[in-house]
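Visitor: Sharing a structure here in structure tokens format.
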Amino acid sequence: MSQAADLPLWAALPVAMLLVVGAGLALAGSIGLVTLKSFYDRMHAPTLGTTLGIGSILIASMLYFSVLQTRFVLHEILIGAFMVVTTPVTLMLLARAALYRDEREGNPDAPPRRPPPTKD
Amino acid sequence: MKRWFPYPLIGLGLALLWLLLTESVSTAAFLLATALALAGCGTLLRLRFPKARLRRLGSVPGLLRDVVVEVFRSNNAVARIILRPSREDARRSGFVRVPLDMRSPHGLAALACILTATPGTVWVDYDSTDGTMLLHVLDLIDEDAWVRIVKDRWERRLMEIFE
Amino acid sequence: MQHLVVAPIVVPMIAGAAMILAGDRRRRLTAAIGLLSTLTLVVLATILIGIADGPAVHVYRLGNWPSLFGIVLVLDRLSAVMLALAALLGFAAFLFSMGRWERAGVHFHPLFQFQLMGLNGAFLTGDLFNLFVFFEVMLAASYGMALHGSGVARVRAGMHYIVVNLVASLLFLVGVSVVYGVAGTLNMAELAHRMRGVTPHDRGLLETGLAVLGIAFLVKAAMWPLGFWLPPTYAAATTPAAAILSILSKVGIYAVLRVWLLLFGAAAGPSAGFGEAWLLIGGLLTIAFGSIAVLATQNLPRLAGASVMISSGTLLAAIGAGQAAVTGGALLYLVSSVLSIGAFFLLIELVERGREVGADVLAVSREAFGAGEEEEEIDEQEVVGVAIPGTVAILGFAFMACAVLLAGLPPLSGFLAKFAILSTLLASGGTGVPATSWVLMAALILSGFATVVAMLRTGIDVFWASPATRAPRIGLIEILPVAMLLLLCVALTVGAGPAMAYLQSAAERLHIPADYLQGVVSTPAGGPGR
Amino acid sequence: MELVVSLAIGVLAGSGVWLLLRPRTFQLIVGLALLSYAVNLFIFSTGGLRSGAAAILSPGETGTLGAYADPLPQALVLTAIVIGFATTALLLVVLLAARGLTGTDHVDGRERER
Amino acid sequence: MPDSLLLMALVGLPFIGAIVAGLLRARDAASGVAGAVALACLGLVWAAYPTVSAGGVLRAEFAWMPTLGLNLTLRLDGFAWLFAGLISGIGALVVLYARYYMSSDDPVPRFFAFLLAFMGAMTGVVVSGNLVQLVFFWELTSLFSFLLIGYWHHTAAARDGARMALTVTGAGGLALFGGVLLIGHIVGSYDLDAVLSAGDRIREHPLYLAALILVVLGALTKSAQFPFHFWLPHAMAAPTPVSAYLHSATLVKAGVFLLARLWPVMAGTDAWAWTVGLAGLTTLLLGAYIAIFQNDLKGLLAYSTISHLGLITLLLGLKSELALVAAVFHIINHAAFKCSLFMAAGIIDHETGTRDIRRLSGLNQSMPFTARLAMVAAAAMAGVPLLNGFLSKEMFFAEALTADVPLSPLLNVLPVAALLASAFSVAYSLRFIHGAFFGPAATDLPRTPHEPASWMRLPVEILVLTCIMVGLLPAATVGPYLAIAVRGVLGADVPYYSLAVWHGFNLPLLMSVIALAGGVMLYMLLQQRLKGSVEGAPLIRRIDAQRIFERVMVFVSWRLARRLEALLGTRRLQPQLRLIVGIAILAGAGAVWLRGFGPGNLPSTPVDPVLALIWMVGAAFALGTAWQAKFHRLAAVILLGGVGLVVCITFVWFSAPDLALTQLTVEVVTTVLLVLGLRWLPKRFQVAGEKGPEVLTRTRRARDLAIAIGAGGGLAALSYAVMTRVPPELLARHFLERAYTEGGGTNVVNVILVDFRGFDTLGEIFVVAAVALTTYALLRRFRPAADSVGIPEQQREQDGGAQHEDAVRPTADWLLVPFTLTRLLFPVMLIVAVFLLLRGHDLPGGGFSAGMVVAIAILLQYIIGGAAWTESHLRLLPQIWLGAGLLVASGTGLAAWFFGRPFLTTYFAYAELPLIGKVPTASALIFDIGVFALVVGATLLMLVALAHQSVRGHRSAPRRAAGRAGEA
Amino acid sequence: MSATLISAAVLVAQILLVAAMGCAALRVLRGPRAQDRVLALDTLYVNGAMLLLVFGVRTGTTHYFEAALLISLLGFVATAALSKFLMRGEVIE
Ligand code: NA
Ligand code: NA
């Protein structure tokens with residue numbers, strides 16, 4: 001923690017704020033995961049963390065290390081990029097799987113089945 | 001040129017990836033970055049990664065800005081929904097079918113990323129026979145409004161870039 | 001020249017890797033590499049036995065790091081003998097496998113080489129964690145060997161084998177890490193030094209760790225009641241695998257001999273003799289259970305497995321007696337029993353092949369060769385050699401030799417080995433021979449009797465009561481290794497004097513490991529050569 | 001902190017052993033995985049717990065135990081993780097093979113008659 | 001001829017002859033070799049006569065295991081000389097006899113080989129100058145007699161007889177071994193001379209009784225003494241020459257030989273008299289009594305042998321030197337008449353096809369010459385005057401009257417017993433002769449009897465002649481040899497005895513007469529009874545020692561053993577694991593309890609609330625995993641993933657970034673592996689409203705819970721204890737100090753892995769390789785269970801039964817976007833892998849985690865793109881990666897040899913490259929690249945092999961269905 | 001001042017993140033269906049990555065960055081495999 005003492009206040013303030021906000025968003029998302037009623041609703045909740053939540057913390061980290069090491073520390077961008085690209089894969093697969101199971105079990109949550117497309 | 005740089009933008013991205021990872025801007029790093037980017041594009045070629053015909057790159061920054069704004073907005077909205085369970089009864093979530101004109105896999109992928117990155121919407125399914133996408137929306141007030149949002153705000157601009 | 005010490009590890013290592021690169025389809029090349037490697041190992045072991053026969057141990061510093069913190073290999077008489085046993089058994093099993101078994105599944109040969117590499121590494125290393133690693137190499141390959149050929153029995157027994165050994169490996173890790181956390185070193189010699197200086201309230205903790213470590217060794221040595229996995233596994237494994245596995249339980253014994261005597265030997269100060277009584281009691285119980293198991297089965301492979309338990313028990317009890325002279329006798333017993341059990345495992349298949357001509361073999365080969373759609377079908381005619389005249393007589397003689405060896409009856413080395421243990425056990429006690437010595441004597445004699453009864457029963461059943469309608473078809477390459485191992489036992493009988501002298505001095509140096517400690521710790525601490 | 005970590009090790013080991021003693025192969029493999037975690041943490045912890053002291057030197061430096069966490073247990077854990085991973089994979093395949101050949105997922109390859 | 005050569009030849013020739021005979025094919029050659037060897041041995045024995053007769057002892061000693069006091073000591077004194085003569089002499093006769101007895105269909109070379117080997121072993125017993133060596137040859141005689149008795153092993157009788165003989169005599173041999181060890185312990189040497197000179201020490205030692213019992217057990221079993229007599233009659237299943245040899249002069253005489261040999265040191269005590277004397281007395285009577293009622297000629301001879309050996313044993317049991325003389329004398333006599341009788345019985349069997357006394361009759365007419373010979377021999381057996389048997393019997397009577405026995409009642413019993421036994425012996429001798437040779441000529445014999453070949457009769461003639469000559473002129477014929485033999489046992493203290501036919505009218509003579517008359521009367525009285533078909537002796541017919549023996553053997557060695565094995569062992573996994581874990585806990589706890597340990601020397605670090613909280617989550621995951629693993633496997637996998645993540649965070653928390661990276665990648669691959677496996681496991685549902693577990697199950701669970709808590713608590717306590725102390729000197733110090741300066745890397749963990757302890761890593765990658773090869777081999781033969789063969793129902797429904805024919809493109813729309821994204825991620829992951837690999841030596845990373853990242857990248861393509869698609873677009877060759885990785889890593893180690901350095905010595909330097917500048921080049925990096933390649937190859941090999949099961953399953957499912965339809 | 005501020009923020013952020021992990025864990029444990037658990041595991045991975053990033057700020061070193069990077073890049077592979085299993089009954093077709 002000794003390094004943090006070298007940090008000027010102008011940087012420390014936003015860093016602190018971003019950290020707390022990011023963590024707060026992640027928590028909010030996770031709370032949603034617990035409280036929301038249906039699976040499809042819950043699916044939305046974690047995206048709070050995967051977008052703005054982690055984004056804030058990444059920016060905080062970039063800012064913190066850049067100021068501390070007096071150079072541009074940008075590799076955190078990669079994590080953001082990876083998050084953006086990977087999250088849809090999981091979510092789409094999961095949503096599709098849930099949809100399939102709901103359809104099969106005739107759950108009211110699932111959207112009405114469309115007439116099977118005639119392939120000719 | 002095409003043969004050596006089948007995916008110029010991706011190649012650039014890969015080179016950037018290397019430079020960011022190593023946090024270095026030395027000659028060696030650049031050389032290695034180039035080599036790796038080339039090799040990476042080579043693997044993509046083997047994987048038959050579709051080549052994009054990119055047009056109107058100028059509209060990309062605007063799109064990104066809108067995405068960021070939208071992310072902020074919907075984060076806020078969803079956070080409110082989650083943290084105020086009292087209004088839970090008033091909220092209705094549901095599926096929306098959006099007919100898409102876009103067929104480019106890149107465009108569709110980008111659209112999926114955008115929709116997933118904005119809390120409140122999840123891309124659920126896609127039907128290639130008629131190009132409809134099934135979207136789940138957390139706070140579904142007006143289905144047509146959502147169709148319009150998707151088509152106007154995102155699809156049109158993505159089609160400009162990718163098709 | 002100095003690299004000879006590491007060569008027994010390097011040779012199979014390179015051979016196995018090369019075999020993988022060559023691919024499983026190039027059988028000739030793979031077999032040639034295998035033959036070259038196993039033969040080289042035999043030659044190496046012979047040379048190393050000579051080298052080790054001197055006052056000083058030979059220390060090999062891997063990576064050229066000082067022996068204090070690098071990994072060292074240590075060659076002394078015991079490791080040389082164990083290397084030789086592994087090499088001989090490996091060579092025999094390799095030859096035998098060329099008869100048919102190498103084709104029962106893919107990647108037999110590289111796994112075989114890794115097995116030898118693991119064994120040799122375990123016998124050479126002077127580092128506790130490295131011992132773990134080589135245990136794992138050996139076990140990983142042995143899993144492959146035990147499962148080679150697949151099939152219900154093998155997989156069922158193999159699963160138990162794997163699970164039990166995984167648990168034992170976890171115990172090993174716990175033990176090793178306690179040693180590091182309390183004594184701060186992994187080098188066995190250095191640990192032995194530090195054991196003397198450990199503060200009293202750390203000593204208990206260190207010994208706790210070593211006790212857990214000991215359990216891991218004893219599981220591998222198949223001490224009762226930790227060794228129930230052994231008979232089914234060995235019985236289910238394909239023949240060459242079982243033969244090479246039969247030395248695996250001896251690795252547990254080796255570890256006890258090496259580590260326990262180094263750390264808890266007479267010179268170990270306050271820790272001397274820690275757990276000695278338990279080794280003795282456990283060994284006796286193992287002998288008892290092994291004898292019961294020997295009697296309770298008419299199935300030859302299981303009988304062999306139970307014999308392995310008896311031999312483990314005998315060795316543990318002899319070590320537990322805590323006298324160098326007895327340990328010397330135990331080493332002779334170890335050599336004799338490894339060779340004879342190896343021969344017996346190889347022989348069993350040949351015998352059973354003749355017994356129900358066709359049926360058994362067909363079942364095995366259908367299971368082994370026929371089922372896999374990608375596996376090539378093998379023509380029986382091509383696989384089995386031409387029947388040699390007198391095959392049955394040869395098998396009968398070999399069987400009798402094995403029976404005599406396992407039961408410890410004259411005229412082969414088994415008798416001399418038991419005599420060596422017992423006479424030293426009684427001789428060293430003076431007038432006050434402890435009661436446990438009498439119990440051990442009775443156990444050894446009675447277990448021999450149990451083996452006689454069991455072997456007699458099955459032997460008569462196999463060879464006399466249901467004689468083969470026609471001689472089993474056995475390749476020369478299959479009978480050769482059996483003959484080789486048995487002839488080695490004969491050689492051991494004839495040359496018992498020099499062998500005993502060598503082993504006796506090995507045992508003395510195990511009990512008073514000054515040479516070992518001196519050799520490892522005082523090895524010139526040169527930095528890496530750059 | 002030591003207490004927390006040792007409790008953690010205890011919980012992992014206890015859960016692992018419980019599963020280890022269950023009759024189904026899947027329980028067994030999961031139990032072994034939990035036990036491996038426990039043991040890996042155990043090895044790791046023998047070097048003592050130091051936060052923020054990764055044993056990464058600056059070029060030219062001769063490190064000391066005062067400044068850095070003990071790297072040796074870490075190296076040992078690494079080996080243990082790798083070996084554990086390999087053996088878990090093997091065990092999985094073996095139990096699948098056993099299940100295929102025997103038709104049951106009981107650890108003995110046959111259902112226990114009551 | 002030097003002594004040593006003579007003795008070596010005496011013992012060695014038969015063995016060499018055995019090998020030669022065994023290798024021969026021709027019948028005559030084999031018997032010729034055997035005869036030559038026997039005669040040569042006889043010649044050698046004769047050559048030793050001058051020395052022995054002068055009271056000398058031939059000795060030869062060869063070092064064998066000198067440190068343990070076991071040398072090959074050959075020692076021929078008078079006693080051994082006598083036996084050696086009997087063995088080779090009678091051996092020669094038996095060989096001659098057997099040459100004509102054995103059928104040409106029999107594989108006689110084997111027969112003669114065994115016979116010669118047995119002869120060698122027997123000679124070895126008698127010339128052993130070392131007790132251990134004696135045991136050595138003793139067991140050999142058991143072994144070769146086993147082979148001889150079981151020679152006709154296609155008959156059950158031969159098998160049973162052989163087994164019983166070996167079981168009993170082998171066990172006795174082991175007891176003798178024990179006894180010899182005790183004697184060796186008492187005397188301090190196994191050398192016979194040393195033992196013989198330590199008589200007092202032995203008799204006064206507290207272990208004397210134990211040694212005595214063990215030795216006597218050996219002798220009694222071998223000599224077929226009560227209660228171990230039962231094996232001998234069954235050994236009659238052997239070919240008659242074998243019986244003639246084994247039961248007259250050799251095998252069974254080994255027991256009495258031993259008793260006589262050790263007589264000077266062990267006899268003379270009450271214990272000796274009780275054990276040896278009583279056994280002999282019982283056997284004498286019992287054997288003679290049973291012999292009368294035997295219908296089989298050989299059976300009769302067998303029991304008579306038992307009885308006569310009982311006589312000898314009884315004599316040896318008496319505390320009298322004269323009795324010993326009588327015993328030795330009777331040994332000689334018995335050999336002569338019994339051998340000839342066996343041969344005669346064999347001739348009868350050979351010529352008539354039966355040995356049943358009830359069927360035989362009047363052979364006197366068809367084979368008169370044989371009949372005469374047999375009559376003389378039988379008379380000798382009966383103790384008729386002027387024959388050799390009479391002389392030793394008379395000595396016995398004299399001893400029975402005067403013996404010094406421990407208990408006075410026995411003194412009264414002994415003469416009566418002697419008389420009775422003698423009468424019995426007359427009776428059975430009569431029965432033998434009368435039954436076979438007299439009466440009307442039998443008509444229903446299998447073969448028409450006639451005299452045998454004269455060569456076959458020659459040995460009988462020689463033996464019978466001996467009986468007569470000894471009987472007539474004892475002092476002139478056998479006298480000197482007996483004297484030599486007795487002196488061999490007793491040394492200078494040979495008592496006076498007289499070998500004369502006539503000692504005047506005395507009590508022994510009277511007893512002889514009474515016995516003769518009584519025997520004749522007894523036989524006449526029993527005539528009627530003996531013709532009846534009831535086999536066996538009255539009163540004790542029901543007590544069949546053999547059946548008792550078999551029953552006991554079956555019970556002890558089979559039923560009891562099985563029961564005990566089931567009780568003391570298990571073949572189930574759970575009890576085994578319970579034991580291992582339980583014993584480990586006990587071992588650890590026991591050590592702590594016994595030794596105790598004090599507090600650590602490190603203060604506890606303050607609790608970090610964050611990590612504590614994280615571990616609350618982690619503990620929930622762990623307990624949840626344990627809870628869910630039975631019914632919700634997928635949940636368990638997910639929960640396990642949670643545990644993995646928490647462990648990973650813990651590694652980061654306590655300064656182990658390399659571990660965190662490795663743990664993460666392993667976590668991902670393990671999860672995928674487990675899920676891949678789930679498909680092949682049976683569906684398991686928790687049935688709602690299922691009855692609670694039975695009481696037994698609940699107790700078992702409670703016990704398991706206790707073990708689990710014990711293990712967890714134990715490990716927790718142990719880890720706490722270890723964590724709170726630091727040893728004064730840690731190995732790691734050196735690593736930290738030298739990692740950069742000598743290892744060339746700043747990431748100390750990596751330097752340890754690839755350099756300081758690179759050998760561990762090298763071993764570790766071979767573990768991974770072995771496991772990968774094993775899983776691959778196993779999966780090649782993978783057969784899914786019936787219920788998991790089919791295509792999962794999801795796929796059946798989603799695909800509407802249509803198969804993916806176009807495997808090159810994943811068709812499903814729902815995979816369209818993920819497919820695009822994951823392909824894009826492929827090069828990204830590869831570059832991250834290269835990054836981790838290259839920086840490993842200096843910063844967190846390294847070959848292992850890099851390899852795992854590549855494997856995961858490919859795995860992802862498999863998951864999203866499908867196996868067929870991925871393989872048609874990426875050439876993977878996992879085995880090449882695997883092999884190359886191993887070779888590169890070990891080759892790096894090997895390269896050091898070429899610079900004269902030990903294996904795995906690393907090299908590093910900074911190379912100047914144009915444009916790029918200074919580049920660190922370390923051989924450790926090449927080593928790490930080997931690790932990398934291996935990990936890629938091994939992980940892919942395992943995962944791909946597992947993944948392919950689905951593909952294979954799909955291919956084979958329709959085929960199987962078709963096959964089933966075809967069968968129906 | 002900065003040190004206090006940062007350490008307080010780090011502590012708060014970490015506790016919030018652990019709480020988030022706890023919520024995710026709750027969902028993993030509770031289910032009720034497999035997709036809920038998988039979703040929760042994915043969330044857990046993301047929360048874990050964030051926790052590591054905050055830990056990086058706390059210790060002031062970038063040595064732990066790659067761990068977070070790997071979570072973000074590879075964590076989804078496990079959840080993708082699980083989802084694929086739910087959807088198709090097997091992971092690799
Ligand atoms: Na979204
Ligand atoms: Na410690």
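Identifiers for the structure tokens are assigned positionally: chains receive A, B, ... in sequence, residues are indexed from 1 per chain, and ligands are indexed from 1 in the order shown.
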Any residue with an atom at most 8 Å from ligand 1 counts, using only C-alpha atoms and all ligand atoms. Which are they? Put them as number ranges by chain.

Guide: A: 44, 47; B: 114-123

Visitor: Which residues, written as a list in words, have at least one atom at most 8 Å from region 6-18 of chain F, with only C-alpha atoms counted and residues fewer than 6 positions away on the same chain left out?

Guide: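 Contacts, with the query itself left out: Met1, Ala4, Ala12, Leu13, Val15, Ala16, Met17, Leu19, Val20, Val21, Gly22, Ala23, Gly24, Ala26 and Leu27 of chain A; Val610, Leu613 and Ile614 of chain E; Asn47, Gly48, Met50, Leu51, Val54, Phe55, Val57 and Arg58 of chain F.
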
Visitor: Using only C-alpha atoms and all ligand atoms, which residues of the polymer chains come no farther than 9 Å from ligand 2? I'd like the answer as a list in words.

Guide: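 The residues within 9 Å of ligand 2, counting only C-alpha atoms and all ligand atoms, are Ser177, Val178, Tyr180, Gly181, Val182, Ala183 and Gly184 of chain C; Ser45, Thr46, Gly47 and Gly48 of chain D; Gly600, Leu602, Ser719, Ala721, Val722, Met723, Thr724, Arg725, Val726 and Pro727 of chain E.
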
Visitor: Could the residues in this selection be written to a file with all heavy atoms, as a compact mmCIF listing (two decimals), in the first residue's frame?

Guide:
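The file below, result36.txt, is the result:
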```txt
# COMPACT_ATOMS: atom_id res chain seq x y z
N SER C 177 5.45 -31.67 2.21
CA SER C 177 5.38 -30.24 2.48
C SER C 177 5.55 -29.96 3.97
O SER C 177 6.10 -28.92 4.33
CB SER C 177 4.09 -29.63 1.93
OG SER C 177 3.01 -30.48 2.09
N VAL C 178 5.11 -30.87 4.82
CA VAL C 178 5.39 -30.66 6.24
C VAL C 178 6.90 -30.67 6.46
O VAL C 178 7.44 -29.82 7.19
CB VAL C 178 4.71 -31.75 7.10
CG1 VAL C 178 5.19 -31.66 8.54
CG2 VAL C 178 3.21 -31.60 7.05
N TYR C 180 9.20 -29.79 4.40
CA TYR C 180 9.80 -28.53 3.97
C TYR C 180 9.44 -27.41 4.94
O TYR C 180 10.28 -26.59 5.29
CB TYR C 180 9.35 -28.18 2.55
CG TYR C 180 9.95 -26.86 2.12
CD1 TYR C 180 11.29 -26.79 1.78
CD2 TYR C 180 9.19 -25.70 2.12
CE1 TYR C 180 11.87 -25.59 1.44
CE2 TYR C 180 9.76 -24.49 1.77
CZ TYR C 180 11.10 -24.44 1.44
OH TYR C 180 11.67 -23.25 1.13
N GLY C 181 8.18 -27.41 5.36
CA GLY C 181 7.75 -26.32 6.23
C GLY C 181 8.44 -26.33 7.58
O GLY C 181 8.58 -25.29 8.21
N VAL C 182 8.85 -27.49 8.04
CA VAL C 182 9.45 -27.56 9.37
C VAL C 182 10.97 -27.62 9.31
O VAL C 182 11.66 -27.00 10.09
CB VAL C 182 8.90 -28.77 10.15
CG1 VAL C 182 9.55 -28.86 11.52
CG2 VAL C 182 7.40 -28.65 10.29
N ALA C 183 11.47 -28.39 8.33
CA ALA C 183 12.93 -28.55 8.28
C ALA C 183 13.57 -27.66 7.22
O ALA C 183 14.77 -27.43 7.25
CB ALA C 183 13.28 -30.00 8.01
N GLY C 184 12.78 -27.18 6.28
CA GLY C 184 13.32 -26.22 5.32
C GLY C 184 14.14 -26.81 4.20
O GLY C 184 14.82 -26.07 3.49
N SER D 45 0.81 -23.32 1.67
CA SER D 45 0.83 -22.61 2.94
C SER D 45 2.07 -22.92 3.77
O SER D 45 2.42 -22.15 4.65
CB SER D 45 -0.41 -22.96 3.75
OG SER D 45 -0.30 -24.29 4.22
N THR D 46 2.75 -24.04 3.47
CA THR D 46 3.91 -24.35 4.31
C THR D 46 5.01 -23.31 4.16
O THR D 46 5.86 -23.18 5.03
CB THR D 46 4.52 -25.72 3.96
OG1 THR D 46 4.79 -25.75 2.56
CG2 THR D 46 3.58 -26.84 4.32
N GLY D 47 4.97 -22.56 3.08
CA GLY D 47 5.97 -21.52 2.91
C GLY D 47 5.62 -20.26 3.68
O GLY D 47 6.35 -19.28 3.65
N GLY D 48 4.51 -20.27 4.36
CA GLY D 48 4.07 -19.07 5.08
C GLY D 48 3.23 -18.20 4.17
O GLY D 48 3.28 -18.32 2.94
N GLY E 600 4.32 -22.42 17.30
CA GLY E 600 5.21 -22.01 16.23
C GLY E 600 6.02 -20.78 16.62
O GLY E 600 5.76 -20.14 17.64
N LEU E 602 6.33 -18.18 14.57
CA LEU E 602 5.90 -17.02 13.79
C LEU E 602 4.62 -16.47 14.40
O LEU E 602 3.73 -17.25 14.74
CB LEU E 602 5.59 -17.42 12.36
CG LEU E 602 6.72 -17.54 11.36
CD1 LEU E 602 6.13 -17.90 10.00
CD2 LEU E 602 7.51 -16.27 11.28
N SER E 719 -1.76 -27.86 8.99
CA SER E 719 -1.34 -26.72 8.18
C SER E 719 -1.14 -25.51 9.07
O SER E 719 -0.21 -24.73 8.88
CB SER E 719 -2.36 -26.44 7.08
OG SER E 719 -3.54 -25.93 7.63
N ALA E 721 -0.19 -25.52 12.15
CA ALA E 721 1.08 -25.70 12.87
C ALA E 721 2.27 -25.41 11.97
O ALA E 721 3.24 -24.78 12.39
CB ALA E 721 1.15 -27.13 13.41
N VAL E 722 2.20 -25.85 10.73
CA VAL E 722 3.35 -25.64 9.84
C VAL E 722 3.45 -24.18 9.42
O VAL E 722 4.54 -23.63 9.32
CB VAL E 722 3.25 -26.58 8.61
CG1 VAL E 722 4.43 -26.34 7.68
CG2 VAL E 722 3.24 -28.02 9.04
N MET E 723 2.30 -23.58 9.19
CA MET E 723 2.32 -22.18 8.74
C MET E 723 2.90 -21.25 9.78
O MET E 723 3.49 -20.23 9.45
CB MET E 723 0.88 -21.74 8.46
CG MET E 723 0.48 -21.83 7.02
SD MET E 723 -1.13 -21.07 6.82
CE MET E 723 -2.21 -22.45 6.97
N THR E 724 2.70 -21.59 11.04
CA THR E 724 3.13 -20.66 12.09
C THR E 724 4.55 -20.92 12.55
O THR E 724 4.94 -20.51 13.62
CB THR E 724 2.19 -20.75 13.31
OG1 THR E 724 2.07 -22.13 13.66
CG2 THR E 724 0.84 -20.18 12.98
N ARG E 725 5.29 -21.64 11.75
CA ARG E 725 6.70 -21.76 12.12
C ARG E 725 7.54 -21.69 10.85
O ARG E 725 7.09 -22.07 9.78
CB ARG E 725 6.97 -23.03 12.90
CG ARG E 725 6.81 -24.32 12.14
CD ARG E 725 6.77 -25.47 13.11
NE ARG E 725 5.56 -25.38 13.91
CZ ARG E 725 5.50 -25.75 15.19
NH1 ARG E 725 6.54 -26.23 15.79
NH2 ARG E 725 4.36 -25.63 15.84
N VAL E 726 8.69 -21.18 11.02
CA VAL E 726 9.59 -21.13 9.88
C VAL E 726 10.92 -21.70 10.32
O VAL E 726 11.41 -21.39 11.40
CB VAL E 726 9.71 -19.68 9.34
CG1 VAL E 726 10.37 -18.78 10.36
CG2 VAL E 726 10.42 -19.65 8.02
N PRO E 727 11.44 -22.62 9.55
CA PRO E 727 12.71 -23.21 9.95
C PRO E 727 13.84 -22.19 9.83
O PRO E 727 13.74 -21.23 9.06
CB PRO E 727 12.90 -24.36 8.95
CG PRO E 727 12.00 -24.08 7.83
CD PRO E 727 10.89 -23.23 8.35
```

Visitor: Neighbours of Glu160 (chain B) within 9 Å (only C-alpha atoms; same-chain residues fewer than 3 positions away dropped), as a list in words?

Guide: Leu54, Arg55, Arg56, Leu57, Ser59, Glu155, Arg156, Arg157 and Glu163 of chain B

Visitor: Please find the residues of chain B near chain F - the criterion being any atom within 12 Å, counting only C-alpha atoms - and write them as an MDAnalysis selection string.

Guide: chainID B and resid 20:23

Visitor: Write a file of the just-selected residues containing C-alpha atoms, as a compact mmCIF listing (two decimals), in the first residue's frame.

Guide:
```txt
# COMPACT_ATOMS: atom_id res chain seq x y z
CA LEU B 20 -0.33 -3.86 -25.22
CA LEU B 21 0.54 -7.17 -23.68
CA THR B 22 4.26 -6.57 -23.69
CA GLU B 23 3.83 -2.89 -22.91
```

Visitor: When you draw a straight line from CA of Val647 (chain E) to CA of Asn40 (chain D), how long is it in Å?

Guide: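 The value is 9.2 Å.
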
Visitor: In Å, rounded to a single decimal, give me how far CA of Gln798 (chain E) is from CA of Thr104 (chain D).

Guide: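 Between CA of Thr104 (chain D) and CA of Gln798 (chain E) the gap works out to 28.7 Å.
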
Visitor: Taking 4 positions as the minimum chain separation for residues in the same chain, which residues sit within 8 Å of Leu38 (chain B) when counting only C-alpha atoms? Answer as a list in words.

Guide: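 Using only C-alpha atoms, the neighbours found are Trp4, Phe5, Gly11, Thr34 and Gly42 of chain B.
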
Visitor: As a ChimeraX atom specification, please: the residues near region 124-132 of chain C (cut-off 7 Å, only C-alpha atoms, same-chain neighbours under 5 positions excluded).

Guide: /C:71-75,79,176,186-188 /E:760

Visitor: Find the residues around Leu158 (chain B) up to 10 Å (only C-alpha atoms counted), leave out those fewer than 6 positions away in its own chain, and share them as a list in words.

Guide: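 What passes the distance filter is Arg55, Arg56, Ser59, Val60, Leu63, Met102, Ser104, His106, Gly107, Leu108, Ala110, Leu111, Lys151 and Asp152 of chain B.
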
Visitor: Residues of chain E that have any atom at most 6 Å from an atom of chain F: could you tabulate them with the shortest-distance atom pair and the distance in Å to one decimal, using only C-alpha atoms, ordered by chain and increasing number, as a tab-separated table?

Guide:
```
residue	atom	partner	partner_atom	distance
E:Val617	CA	F:Gly22	CA	5.8
E:Pro657	CA	F:Tyr64	CA	5.7
E:Leu661	CA	F:Ala67	CA	5.4
E:Val668	CA	F:Ala78	CA	5.2
E:Val672	CA	F:Ala78	CA	5.9
E:Leu676	CA	F:Val91	CA	5.8
E:Arg679	CA	F:Glu90	CA	6.0
E:Pro792	CA	F:Gly89	CA	5.3
E:Gln794	CA	F:Arg88	CA	5.2
E:Gln795	CA	F:Arg88	CA	5.4
E:Ile863	CA	F:Ile92	CA	4.9
E:Gly866	CA	F:Glu93	CA	5.2
E:Ala867	CA	F:Glu93	CA	6.0
E:Ala947	CA	F:Ile92	CA	5.7
```
